[in-house]
Amino acid sequence: MKMKTFKIWLVGLFLVFSLFIIIQPVQAAWSLMDGPSSSCRESGDCELNDFMKVFTQIYAMIFGVVGSITLLMFVVGGVMFLTSGGSQDKITKGKNVIVSSIVGLAIVFGSFMIIDYVLEALGYVK
């Protein structure tokens with residue numbers, strides 16, 4: 001097998017597995033979504049807790065997707081680092097991708113803590 005064909009095949013396989021990594025948390029979040037209470041859905045008599053329930057389910061799904069994308073970027077940075085072949089530019093790019101994904105993950109966890117704190121302060125019961 002030619003090296004170019006092998007690289008194309010490897011990238012295609014990587015993309016397919018990446019989609020599975022991203023789709024899994026989305027499916028899990030959708031299966032957990034029960035939405036607002038039945039009285040809200042049927043008669044429109046909604047309370048703040050119904051809106052908060054929908055909001056928390058949406059942000060949980062978003063955090064699942066962001067976590068999967070961060071994992072994917074760790075893998076991309078690692079592959080870039082490992083396949084650098086000693087090239088200083090490629091090593092730097094791989095390190096930058098890994099560091100950027102760590103910073104992004106820290107931002108996401110920080111926002112998760114802030115949202116959780118605000119919901120707790122509002123009296124939302126999970």
# chains A, B, ... in the order shown; residues from 1 in each chain; ligands from 1
>>> residues_around(residues="stretch 87-99 of chain A", least_positions_apart="5", cutoff="6 Å", atoms="only C-alpha atoms", output="PyMOL selection string")
chain A and resi 74+77+80-81
>>> atom_distance(atom1="atom CA of A:Ile8", atom2="atom CA of A:Ser84")
17.4 Å
>>> closest_residue(among="A:Val118, A:Cys46, A:Val54, A:Leu105", to="A:Leu72", atoms="only C-alpha atoms")
A:Leu105
>>> closest_residue(among="A:Met73, A:Asp116, A:Val16, A:Thr83", to="A:Val103", atoms="only C-alpha atoms")
A:Met73
>>> closest_residue(among="A:Val108, A:Val79, A:Cys40, A:Leu13", to="A:Val65", atoms="only C-alpha atoms")
A:Val108
>>> atom_distance(atom1="atom CA of A:Val76", atom2="atom CA of A:Leu15")
10.8 Å
>>> residues_around(residues="A:Tyr59", least_positions_apart="4", cutoff="10 Å", atoms="only C-alpha atoms", output="tab-separated table (two decimals) with N, CA and C atoms, in the first residue's frame")
chain	number	residue	atom	x	y	z
A	29	ALA	N	-27.28	12.43	26.43
A	29	ALA	CA	-28.00	13.60	26.94
A	29	ALA	C	-29.44	13.60	26.46
A	54	VAL	N	-35.12	22.44	31.57
A	54	VAL	CA	-34.75	22.43	30.16
A	54	VAL	C	-33.36	23.04	29.97
A	55	PHE	N	-33.10	24.14	30.65
A	55	PHE	CA	-31.80	24.80	30.54
A	55	PHE	C	-30.66	23.89	31.00
A	63	PHE	N	-21.94	20.53	27.33
A	63	PHE	CA	-20.69	20.17	27.99
A	63	PHE	C	-20.21	18.79	27.55
A	64	GLY	N	-21.12	17.88	27.29
A	64	GLY	CA	-20.73	16.56	26.79
A	64	GLY	C	-20.07	16.66	25.43
A	65	VAL	N	-20.62	17.46	24.56
A	65	VAL	CA	-20.04	17.64	23.22
A	65	VAL	C	-18.68	18.34	23.31
A	112	PHE	N	-18.89	25.69	33.90
A	112	PHE	CA	-19.79	24.71	34.50
A	112	PHE	C	-19.98	25.00	35.99
A	115	ILE	N	-22.19	28.16	36.37
A	115	ILE	CA	-23.61	27.87	36.09
A	115	ILE	C	-24.21	27.05	37.22
